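Data file: query.cif. Format and content: mmCIF, C-alpha atoms.
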```cif
data_upload
#
loop_
_atom_site.label_atom_id
_atom_site.label_comp_id
_atom_site.auth_asym_id
_atom_site.auth_seq_id
_atom_site.Cartn_x
_atom_site.Cartn_y
_atom_site.Cartn_z
CA MET A 1 -16.65 -7.82 19.10
CA LYS A 2 -15.77 -4.83 16.92
CA HIS A 3 -13.13 -3.95 14.41
CA ARG A 4 -12.09 -0.42 13.43
CA THR A 5 -10.94 0.64 9.98
CA ILE A 6 -9.31 3.86 8.80
CA ARG A 7 -9.54 4.40 5.05
CA GLY A 8 -7.84 7.24 3.24
CA THR A 9 -5.82 8.70 0.40
CA ILE A 10 -2.28 10.10 0.36
CA ARG A 11 -1.17 12.38 -2.47
CA TYR A 12 2.44 12.32 -3.72
CA THR A 13 3.80 15.62 -5.07
CA SER A 14 7.18 16.93 -6.23
CA LYS A 15 9.18 19.71 -4.57
CA LYS A 16 11.66 20.04 -7.43
CA PRO A 17 11.65 23.63 -8.75
CA GLU A 18 10.68 22.60 -12.28
CA ARG A 19 7.76 20.48 -10.98
CA LEU A 20 6.84 22.32 -7.79
CA ASP A 21 3.69 20.86 -6.17
CA GLN A 22 2.82 18.78 -9.24
CA GLU A 23 1.18 15.45 -8.44
CA ARG A 24 3.52 12.50 -9.03
CA GLY A 25 1.53 9.66 -7.48
CA ARG A 26 -1.08 8.57 -4.99
CA GLU A 27 -1.90 5.91 -2.42
CA PHE A 28 -5.23 4.42 -1.37
CA PHE A 29 -5.09 2.62 1.96
CA SER A 30 -7.02 0.95 4.74
CA LEU A 31 -5.77 0.12 8.22
CA THR A 32 -7.97 -2.25 10.24
CA ARG A 33 -7.51 -2.96 13.94
CA GLN A 34 -9.22 -6.26 14.68
CA PHE A 35 -10.81 -7.32 17.97
CA ASP A 36 -7.70 -9.34 18.92
CA GLY A 37 -5.45 -6.29 18.43
CA CYS A 38 -3.97 -7.45 15.12
CA MET A 39 -3.66 -4.68 12.54
CA VAL A 40 -4.01 -5.30 8.80
CA LEU A 41 -2.73 -2.65 6.40
CA GLN A 42 -3.78 -2.70 2.74
CA ALA A 43 -2.30 -0.20 0.31
CA HIS A 44 -2.47 0.42 -3.44
CA CYS A 45 0.43 2.71 -4.38
CA GLU A 46 1.02 4.49 -7.70
CA ILE A 47 4.19 6.41 -8.65
CA ASP A 48 3.92 8.20 -12.00
CA ASP A 49 7.63 9.04 -12.43
CA GLU A 50 9.25 6.89 -15.12
CA PRO A 51 9.53 4.02 -14.89
CA ASN A 52 6.13 4.15 -13.20
CA VAL A 53 5.44 1.89 -10.24
CA ILE A 54 2.23 0.17 -9.11
CA ARG A 55 2.45 -1.68 -5.81
CA ASP A 56 -0.17 -3.62 -3.86
CA VAL A 57 0.60 -4.55 -0.26
CA VAL A 58 -1.21 -6.48 2.47
CA LEU A 59 0.70 -6.38 5.77
CA ALA A 60 -0.50 -7.95 9.04
CA MET A 61 1.03 -6.60 12.26
CA GLN A 62 0.97 -7.12 15.99
CA PRO A 63 -0.40 -4.22 18.09
CA ASP A 64 3.14 -2.79 18.32
CA ALA A 65 3.42 -2.89 14.48
CA SER A 66 5.88 -5.81 14.44
CA PRO A 67 5.16 -7.89 11.30
CA ILE A 68 3.23 -11.16 11.16
CA ASP A 69 3.03 -11.72 7.41
CA CYS A 70 3.01 -9.70 4.20
CA SER A 71 2.25 -10.04 0.50
CA VAL A 72 3.51 -7.67 -2.21
CA ARG A 73 2.85 -7.43 -5.94
CA LEU A 74 4.86 -4.98 -8.01
CA THR A 75 4.61 -3.54 -11.54
CA VAL A 76 7.41 -1.33 -12.91
CA GLY A 77 7.22 0.45 -16.26
CA ASP A 78 3.76 -1.05 -16.85
CA LYS A 79 5.27 -4.55 -16.72
CA TYR A 80 5.13 -7.24 -14.04
CA GLU A 81 8.19 -6.98 -11.80
CA GLY A 82 7.53 -9.46 -9.01
CA SER A 83 5.34 -10.84 -6.25
CA GLY A 84 6.09 -12.40 -2.90
CA TRP A 85 4.94 -13.52 0.52
CA MET A 86 6.82 -13.15 3.82
CA ARG A 87 6.16 -14.74 7.21
CA PHE A 88 7.77 -13.88 10.54
CA GLY A 89 8.06 -16.90 12.81
CA ARG A 90 9.71 -17.51 16.16
CA GLY A 91 13.45 -17.49 15.47
CA TYR A 92 13.21 -17.12 11.69
CA VAL A 93 11.83 -15.15 8.76
CA GLU A 94 10.85 -16.77 5.48
CA CYS A 95 10.01 -15.50 2.00
CA GLU A 96 8.67 -17.10 -1.17
CA SER A 97 8.84 -14.76 -4.15
CA HIS A 98 9.47 -14.33 -7.85
CA ASN A 99 10.85 -11.34 -9.73
CA GLN A 100 12.04 -10.49 -13.23
CA ARG A 101 15.72 -10.19 -12.32
CA ASP A 102 16.25 -13.28 -10.16
CA GLY A 103 13.35 -15.60 -10.97
CA ARG A 104 12.04 -17.78 -8.16
CA ILE A 105 13.49 -16.96 -4.71
CA ARG A 106 13.18 -18.87 -1.45
CA GLN A 107 14.69 -17.21 1.66
CA HIS A 108 14.96 -18.48 5.24
CA VAL A 109 16.70 -16.12 7.68
CA GLU A 110 17.50 -17.10 11.28
CA ILE A 111 16.90 -14.30 13.81
CA GLU A 112 17.83 -13.99 17.48
CA ALA A 113 15.08 -11.53 18.44
CA PRO A 114 11.64 -10.68 17.03
CA VAL A 115 11.70 -8.34 14.03
CA ARG A 116 10.37 -4.91 15.00
CA TRP A 117 9.38 -3.71 11.52
CA LEU A 118 8.97 -4.71 7.87
CA GLN A 119 9.05 -1.80 5.42
CA ALA A 120 7.00 -2.83 2.38
CA HIS A 121 7.07 0.77 1.09
CA PRO A 122 3.50 2.09 1.39
CA ILE A 123 3.73 5.64 2.74
CA VAL A 124 0.96 5.04 5.28
CA GLY A 125 3.22 2.39 6.80
CA ASP A 126 5.97 4.96 7.39
CA ALA A 127 3.87 6.30 10.27
CA GLN A 128 3.21 2.87 11.76
CA LEU A 129 6.95 2.21 12.10
CA LEU A 130 7.10 5.20 14.45
CA ARG A 131 5.45 3.01 17.09
CA MET A 132 8.94 1.58 17.68
CA TYR A 133 10.08 4.79 19.37
CA ASP A 134 9.57 4.95 23.14
CA LEU A 135 7.75 8.24 23.66
CA SER A 136 8.38 8.10 27.43
CA GLN A 137 12.01 9.11 26.80
CA GLY A 138 10.87 12.37 25.17
CA PRO A 139 12.54 13.98 22.16
CA GLY A 140 15.74 12.22 21.13
CA LYS A 141 17.10 9.52 18.85
CA THR A 142 17.10 5.72 18.90
CA PHE A 143 18.81 3.38 16.44
CA PHE A 144 16.94 0.19 15.52
CA PRO A 145 18.96 -2.71 14.05
CA ASN A 146 17.62 -5.91 12.52
CA LEU A 147 14.76 -4.46 10.51
CA PHE A 148 13.69 -5.77 7.11
CA LEU A 149 12.68 -4.24 3.77
CA THR A 150 10.89 -5.84 0.83
CA SER A 151 13.19 -3.78 -1.43
CA PRO A 152 16.34 -1.70 -0.73
CA ASP A 153 15.37 0.65 -3.57
CA HIS A 154 14.16 4.04 -2.28
CA ARG A 155 11.00 3.76 -4.41
CA GLY A 156 10.55 0.11 -3.49
CA ALA A 157 10.75 -0.66 -7.21
CA THR A 158 12.66 -3.96 -7.03
CA GLY A 159 11.96 -7.42 -5.65
CA PRO A 160 10.09 -8.23 -3.57
CA LEU A 161 12.53 -10.05 -1.29
CA LEU A 162 13.85 -9.87 2.27
CA PHE A 163 16.58 -7.26 2.80
CA LYS A 164 18.00 -6.77 6.30
CA THR A 165 18.79 -3.23 7.43
CA GLY A 166 18.69 -0.79 10.34
CA PHE A 167 18.11 2.92 10.84
CA GLY A 168 17.45 5.56 13.46
CA LEU A 169 14.34 7.50 14.46
CA ARG A 170 14.62 11.00 15.87
CA TYR A 171 11.57 12.30 17.75
CA VAL A 172 11.34 16.08 17.42
CA GLY A 173 8.15 16.66 19.44
CA GLU A 174 4.45 17.51 19.13
CA GLU A 175 3.00 20.35 17.10
CA ALA A 176 -0.30 21.39 15.56
CA ILE A 177 -0.40 21.02 11.77
CA THR A 178 -2.96 21.38 8.97
CA VAL A 179 -3.06 19.15 5.90
CA VAL A 180 -5.67 18.80 3.15
CA ALA A 181 -7.53 16.23 5.28
CA GLY A 182 -7.84 18.61 8.25
CA SER A 183 -6.07 19.98 11.34
CA PHE A 184 -4.35 17.64 13.79
CA GLN A 185 -2.13 17.50 16.84
CA ALA A 186 0.88 15.71 15.38
CA ARG A 187 4.12 13.99 16.37
CA HIS A 188 7.13 14.99 14.27
CA PHE A 189 9.83 12.38 13.55
CA GLN A 190 12.88 12.14 11.31
CA LEU A 191 14.33 9.01 9.68
CA VAL A 192 18.12 9.12 10.17
CA ASP A 193 21.32 7.03 10.18
CA THR A 194 20.72 5.08 6.96
CA ALA A 195 24.32 5.35 5.76
CA GLY A 196 25.95 1.93 5.47
CA ASN A 197 22.66 0.09 5.89
CA LEU A 198 21.35 0.60 2.35
CA PRO A 199 23.02 0.41 -1.08
CA GLU A 200 22.49 4.19 -1.25
CA GLU A 201 21.95 6.47 1.76
CA HIS A 202 18.33 7.57 2.02
CA PRO A 203 17.91 11.37 1.85
CA PRO A 204 16.65 13.15 5.01
CA TYR A 205 13.00 12.25 5.67
CA ASP A 206 10.62 14.12 7.99
CA ILE A 207 7.34 12.45 8.99
CA TRP A 208 4.32 13.74 10.91
CA CYS A 209 1.74 11.32 12.35
CA SER A 210 -1.36 11.85 14.49
CA ALA A 211 -0.59 12.27 18.20
CA ASP A 212 -2.77 9.35 19.27
CA ASP A 213 -2.74 5.56 19.14
CA ASP A 214 -3.71 5.53 15.44
CA TYR A 215 -0.30 6.84 14.29
CA LEU A 216 -2.11 8.02 11.15
CA PHE A 217 0.25 9.36 8.46
CA LEU A 218 -0.41 13.10 8.01
CA LYS A 219 2.47 14.40 5.91
CA GLY A 220 6.10 13.76 5.07
CA GLY A 221 8.91 15.19 3.03
CA VAL A 222 12.09 13.71 1.57
CA ALA A 223 14.95 16.07 0.73
CA GLY A 224 18.10 15.41 -1.33
CA TYR A 225 17.80 14.14 -4.86
CA MET A 226 14.19 12.97 -4.29
CA GLN A 227 12.53 16.25 -3.20
CA THR A 228 9.12 14.67 -2.70
CA HIS A 229 6.15 15.48 -0.47
CA TYR A 230 3.39 13.22 0.80
CA GLU A 231 0.13 14.42 2.35
CA LEU A 232 -3.10 12.92 3.67
CA VAL A 233 -5.95 14.35 1.58
CA ASP A 234 -8.94 12.44 2.95
CA TYR A 235 -9.81 9.74 5.48
CA GLN A 236 -12.72 8.15 7.28
CA ILE A 237 -13.04 5.94 10.36
CA ILE A 238 -15.47 3.03 10.30
CA GLU A 239 -16.40 0.78 13.22
CA ARG A 240 -18.24 -2.46 12.58
CA GLY A 241 -19.22 -5.54 14.55
CA LEU A 242 -21.30 -6.53 17.56
CA ALA A 243 -21.29 -4.44 20.70
#
```
Just give me the structure as C-alpha cells.
Amino acid sequence: MKHRTIRGTIRYTSKKPERLDQERGREFFSLTRQFDGCMVLQAHCEIDDEPNVIRDVVLAMQPDASPIDCSVRLTVGDKYEGSGWMRFGRGYVECESHNQRDGRIRQHVEIEAPVRWLQAHPIVGDAQLLRMYDLSQGPGKTFFPNLFLTSPDHRGATGPLLFKTGFGLRYVGEEAITVVAGSFQARHFQLVDTAGNLPEEHPPYDIWCSADDDYLFLKGGVAGYMQTHYELVDYQIIERGLA
C-alpha cells in the first residue's frame, strides 16, 4: 500500500508595467494521492499586495477532484479574517465558519447532484479543477454549473463561506512549455464565462497543467486589472509505503 506526494512551490509575479516580473507572493503546496485514490491538497499561500493575504488550505478530493471536505484559515492585512470547515455529503453541502464581517456562520445547502469542484483559492488547485473537462471531446468549451467557492473575491480574501457559482473551461490543446521547474508537455486551458456568476467578472485566465494524470500546475496568467503571473519553480515526487 503506497501513497504518492508531489511537493512544490509556485511563485506569484506581477505583469503590470510598473512592477514587471516583480514577486508579489508565493505558494508552498503538497498534493498526496492515497492508496484508496483520495487526494489531499495542502497549500500555504502568501499574497504581498496590500492588504496582504495569508491563507492555509487543506482540501480532500475524490479521484476526479470532486470535494470531500475542506478547511480554510485566512489572514488579511496581518489580522485574522476567518476560518471554516466544509463537508460535501449526499444531497447537501454544509459549512461551519467564522469571519470578521459576519461572525459565526452555519450553512446547509441542498444539492440535486454531486458538486464537481470547490475552489478554495490555492493556485495549485486551479489545475486540479481542469479534471472536470472531458479530454475525449478534444479542444472546445464546456460550462460547469453548481460549483462552489470559499470566497467570491478574486484574491480569496473574504470569508471563508460557501458561495455557489459556475463557469466555463476552454481546452486549447497540448504544447511543450518550459517553466523555472523544468520543461513539460502541457495542456492549455482558459477559464471563461464568469460574467453573472460572480460579484465581479473574473479577468481572462490562462492555465497550463502537466499533460498526465497529475494535472500539476505549471503556469498561469490573469489579464485585465489583475495582470498577474503564476509559475511552478520547484517540485519533487515522493512515494512511500509498503510494496
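Across A:Leu161, A:Ile68, A:Ala176, A:Leu129, the tightest approach to Leu191 in chain A is made by A:Leu129 when counting only C-alpha atoms.
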- Message: Expand the PyMOL selection byres ((chain A and resi 30-35) around 12) into the explicit residue set it covers here, and present it as a PyMOL selection string.
- Response: chain A and resi 1-10+27-29+36-45+56-65+122-125+127-128+213-217+234-243
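The gap separating CA of Lys79 in chain A from CA of Cys95 in chain A is 22.2 Å, in Å to one decimal.
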- Hey, what comes out of the PyMOL selection byres ((chain A and resi 111-116) around 6) on this file? Could you write it as a PyMOL selection string? chain A and resi 66+91-92+110+117
- Message: Here's the selection I'm unsure about, the PyMOL selection byres ((chain A and resi 204) around 9); applied to the file above, which residues does it give, as a ChimeraX atom specification?
- Response: /A:190-192,202-203,205-206,221-224
As a PDB file, in the frame of the given file, please: range 139-150 of chain A completed to all heavy atoms.
```
ATOM      1  N   PRO A 139      11.793  13.741  23.392  1.00  0.00           N
ATOM      2  CA  PRO A 139      12.540  13.980  22.160  1.00  0.00           C
ATOM      3  C   PRO A 139      13.956  13.411  22.255  1.00  0.00           C
ATOM      4  O   PRO A 139      14.607  13.495  23.298  1.00  0.00           O
ATOM      5  CB  PRO A 139      12.542  15.500  22.035  1.00  0.00           C
ATOM      6  CG  PRO A 139      11.303  15.928  22.749  1.00  0.00           C
ATOM      7  CD  PRO A 139      11.183  14.980  23.914  1.00  0.00           C
ATOM      8  N   GLY A 140      14.416  12.832  21.163  1.00  0.00           N
ATOM      9  CA  GLY A 140      15.740  12.220  21.130  1.00  0.00           C
ATOM     10  C   GLY A 140      15.847  11.297  19.945  1.00  0.00           C
ATOM     11  O   GLY A 140      15.034  11.360  19.013  1.00  0.00           O
ATOM     12  N   LYS A 141      16.845  10.417  19.982  1.00  0.00           N
ATOM     13  CA  LYS A 141      17.100   9.520  18.850  1.00  0.00           C
ATOM     14  C   LYS A 141      17.385   8.119  19.341  1.00  0.00           C
ATOM     15  O   LYS A 141      18.069   7.920  20.339  1.00  0.00           O
ATOM     16  CB  LYS A 141      18.284  10.040  18.025  1.00  0.00           C
ATOM     17  CG  LYS A 141      18.561   9.234  16.766  1.00  0.00           C
ATOM     18  CD  LYS A 141      19.724   9.807  15.980  1.00  0.00           C
ATOM     19  CE  LYS A 141      21.057   9.526  16.649  1.00  0.00           C
ATOM     20  NZ  LYS A 141      22.208   9.861  15.780  1.00  0.00           N
ATOM     21  N   THR A 142      16.851   7.131  18.614  1.00  0.00           N
ATOM     22  CA  THR A 142      17.100   5.720  18.900  1.00  0.00           C
ATOM     23  C   THR A 142      17.427   5.014  17.586  1.00  0.00           C
ATOM     24  O   THR A 142      16.742   5.226  16.580  1.00  0.00           O
ATOM     25  CB  THR A 142      15.888   5.040  19.550  1.00  0.00           C
ATOM     26  OG1 THR A 142      15.543   5.733  20.754  1.00  0.00           O
ATOM     27  CG2 THR A 142      16.193   3.586  19.877  1.00  0.00           C
ATOM     28  N   PHE A 143      18.464   4.182  17.617  1.00  0.00           N
ATOM     29  CA  PHE A 143      18.810   3.380  16.440  1.00  0.00           C
ATOM     30  C   PHE A 143      18.194   1.993  16.592  1.00  0.00           C
ATOM     31  O   PHE A 143      18.277   1.378  17.654  1.00  0.00           O
ATOM     32  CB  PHE A 143      20.324   3.252  16.279  1.00  0.00           C
ATOM     33  CG  PHE A 143      20.716   2.534  15.008  1.00  0.00           C
ATOM     34  CD1 PHE A 143      20.777   3.214  13.809  1.00  0.00           C
ATOM     35  CD2 PHE A 143      21.000   1.175  15.016  1.00  0.00           C
ATOM     36  CE1 PHE A 143      21.122   2.560  12.634  1.00  0.00           C
ATOM     37  CE2 PHE A 143      21.346   0.515  13.852  1.00  0.00           C
ATOM     38  CZ  PHE A 143      21.402   1.207  12.650  1.00  0.00           C
ATOM     39  N   PHE A 144      17.585   1.492  15.514  1.00  0.00           N
ATOM     40  CA  PHE A 144      16.940   0.190  15.520  1.00  0.00           C
ATOM     41  C   PHE A 144      17.618  -0.730  14.501  1.00  0.00           C
ATOM     42  O   PHE A 144      17.505  -0.522  13.290  1.00  0.00           O
ATOM     43  CB  PHE A 144      15.448   0.324  15.165  1.00  0.00           C
ATOM     44  CG  PHE A 144      14.670   1.136  16.153  1.00  0.00           C
ATOM     45  CD1 PHE A 144      14.494   2.505  15.956  1.00  0.00           C
ATOM     46  CD2 PHE A 144      14.113   0.554  17.279  1.00  0.00           C
ATOM     47  CE1 PHE A 144      13.776   3.265  16.873  1.00  0.00           C
ATOM     48  CE2 PHE A 144      13.395   1.302  18.202  1.00  0.00           C
ATOM     49  CZ  PHE A 144      13.230   2.659  17.996  1.00  0.00           C
ATOM     50  N   PRO A 145      18.336  -1.752  14.972  1.00  0.00           N
ATOM     51  CA  PRO A 145      18.960  -2.710  14.050  1.00  0.00           C
ATOM     52  C   PRO A 145      17.967  -3.823  13.715  1.00  0.00           C
ATOM     53  O   PRO A 145      16.857  -3.893  14.254  1.00  0.00           O
ATOM     54  CB  PRO A 145      20.122  -3.245  14.882  1.00  0.00           C
ATOM     55  CG  PRO A 145      19.594  -3.213  16.285  1.00  0.00           C
ATOM     56  CD  PRO A 145      18.695  -2.003  16.379  1.00  0.00           C
ATOM     57  N   ASN A 146      18.371  -4.679  12.813  1.00  0.00           N
ATOM     58  CA  ASN A 146      17.620  -5.910  12.520  1.00  0.00           C
ATOM     59  C   ASN A 146      16.194  -5.653  12.069  1.00  0.00           C
ATOM     60  O   ASN A 146      15.243  -6.304  12.520  1.00  0.00           O
ATOM     61  CB  ASN A 146      17.636  -6.842  13.728  1.00  0.00           C
ATOM     62  CG  ASN A 146      19.040  -7.196  14.168  1.00  0.00           C
ATOM     63  OD1 ASN A 146      19.936  -7.381  13.333  1.00  0.00           O
ATOM     64  ND2 ASN A 146      19.259  -7.253  15.475  1.00  0.00           N
ATOM     65  N   LEU A 147      16.033  -4.697  11.173  1.00  0.00           N
ATOM     66  CA  LEU A 147      14.760  -4.460  10.510  1.00  0.00           C
ATOM     67  C   LEU A 147      14.830  -5.070   9.113  1.00  0.00           C
ATOM     68  O   LEU A 147      15.914  -5.409   8.631  1.00  0.00           O
ATOM     69  CB  LEU A 147      14.480  -2.957  10.428  1.00  0.00           C
ATOM     70  CG  LEU A 147      14.597  -2.176  11.739  1.00  0.00           C
ATOM     71  CD1 LEU A 147      14.357  -0.694  11.488  1.00  0.00           C
ATOM     72  CD2 LEU A 147      13.638  -2.708  12.792  1.00  0.00           C
ATOM     73  N   PHE A 148      13.697  -5.191   8.452  1.00  0.00           N
ATOM     74  CA  PHE A 148      13.690  -5.770   7.110  1.00  0.00           C
ATOM     75  C   PHE A 148      12.919  -4.885   6.138  1.00  0.00           C
ATOM     76  O   PHE A 148      11.959  -4.196   6.512  1.00  0.00           O
ATOM     77  CB  PHE A 148      13.049  -7.165   7.125  1.00  0.00           C
ATOM     78  CG  PHE A 148      13.975  -8.252   7.586  1.00  0.00           C
ATOM     79  CD1 PHE A 148      14.098  -8.541   8.932  1.00  0.00           C
ATOM     80  CD2 PHE A 148      14.738  -8.981   6.678  1.00  0.00           C
ATOM     81  CE1 PHE A 148      14.954  -9.534   9.379  1.00  0.00           C
ATOM     82  CE2 PHE A 148      15.595  -9.975   7.101  1.00  0.00           C
ATOM     83  CZ  PHE A 148      15.708 -10.257   8.466  1.00  0.00           C
ATOM     84  N   LEU A 149      13.360  -4.896   4.878  1.00  0.00           N
ATOM     85  CA  LEU A 149      12.680  -4.240   3.770  1.00  0.00           C
ATOM     86  C   LEU A 149      12.251  -5.291   2.758  1.00  0.00           C
ATOM     87  O   LEU A 149      12.865  -6.361   2.667  1.00  0.00           O
ATOM     88  CB  LEU A 149      13.616  -3.252   3.062  1.00  0.00           C
ATOM     89  CG  LEU A 149      14.383  -2.229   3.893  1.00  0.00           C
ATOM     90  CD1 LEU A 149      15.327  -1.442   2.971  1.00  0.00           C
ATOM     91  CD2 LEU A 149      13.444  -1.298   4.603  1.00  0.00           C
ATOM     92  N   THR A 150      11.232  -4.975   1.965  1.00  0.00           N
ATOM     93  CA  THR A 150      10.890  -5.840   0.830  1.00  0.00           C
ATOM     94  C   THR A 150      11.654  -5.418  -0.421  1.00  0.00           C
ATOM     95  O   THR A 150      11.645  -6.134  -1.419  1.00  0.00           O
ATOM     96  CB  THR A 150       9.382  -5.788   0.532  1.00  0.00           C
ATOM     97  OG1 THR A 150       9.002  -4.440   0.205  1.00  0.00           O
ATOM     98  CG2 THR A 150       8.572  -6.263   1.730  1.00  0.00           C
TER      99      THR A 150
END
```
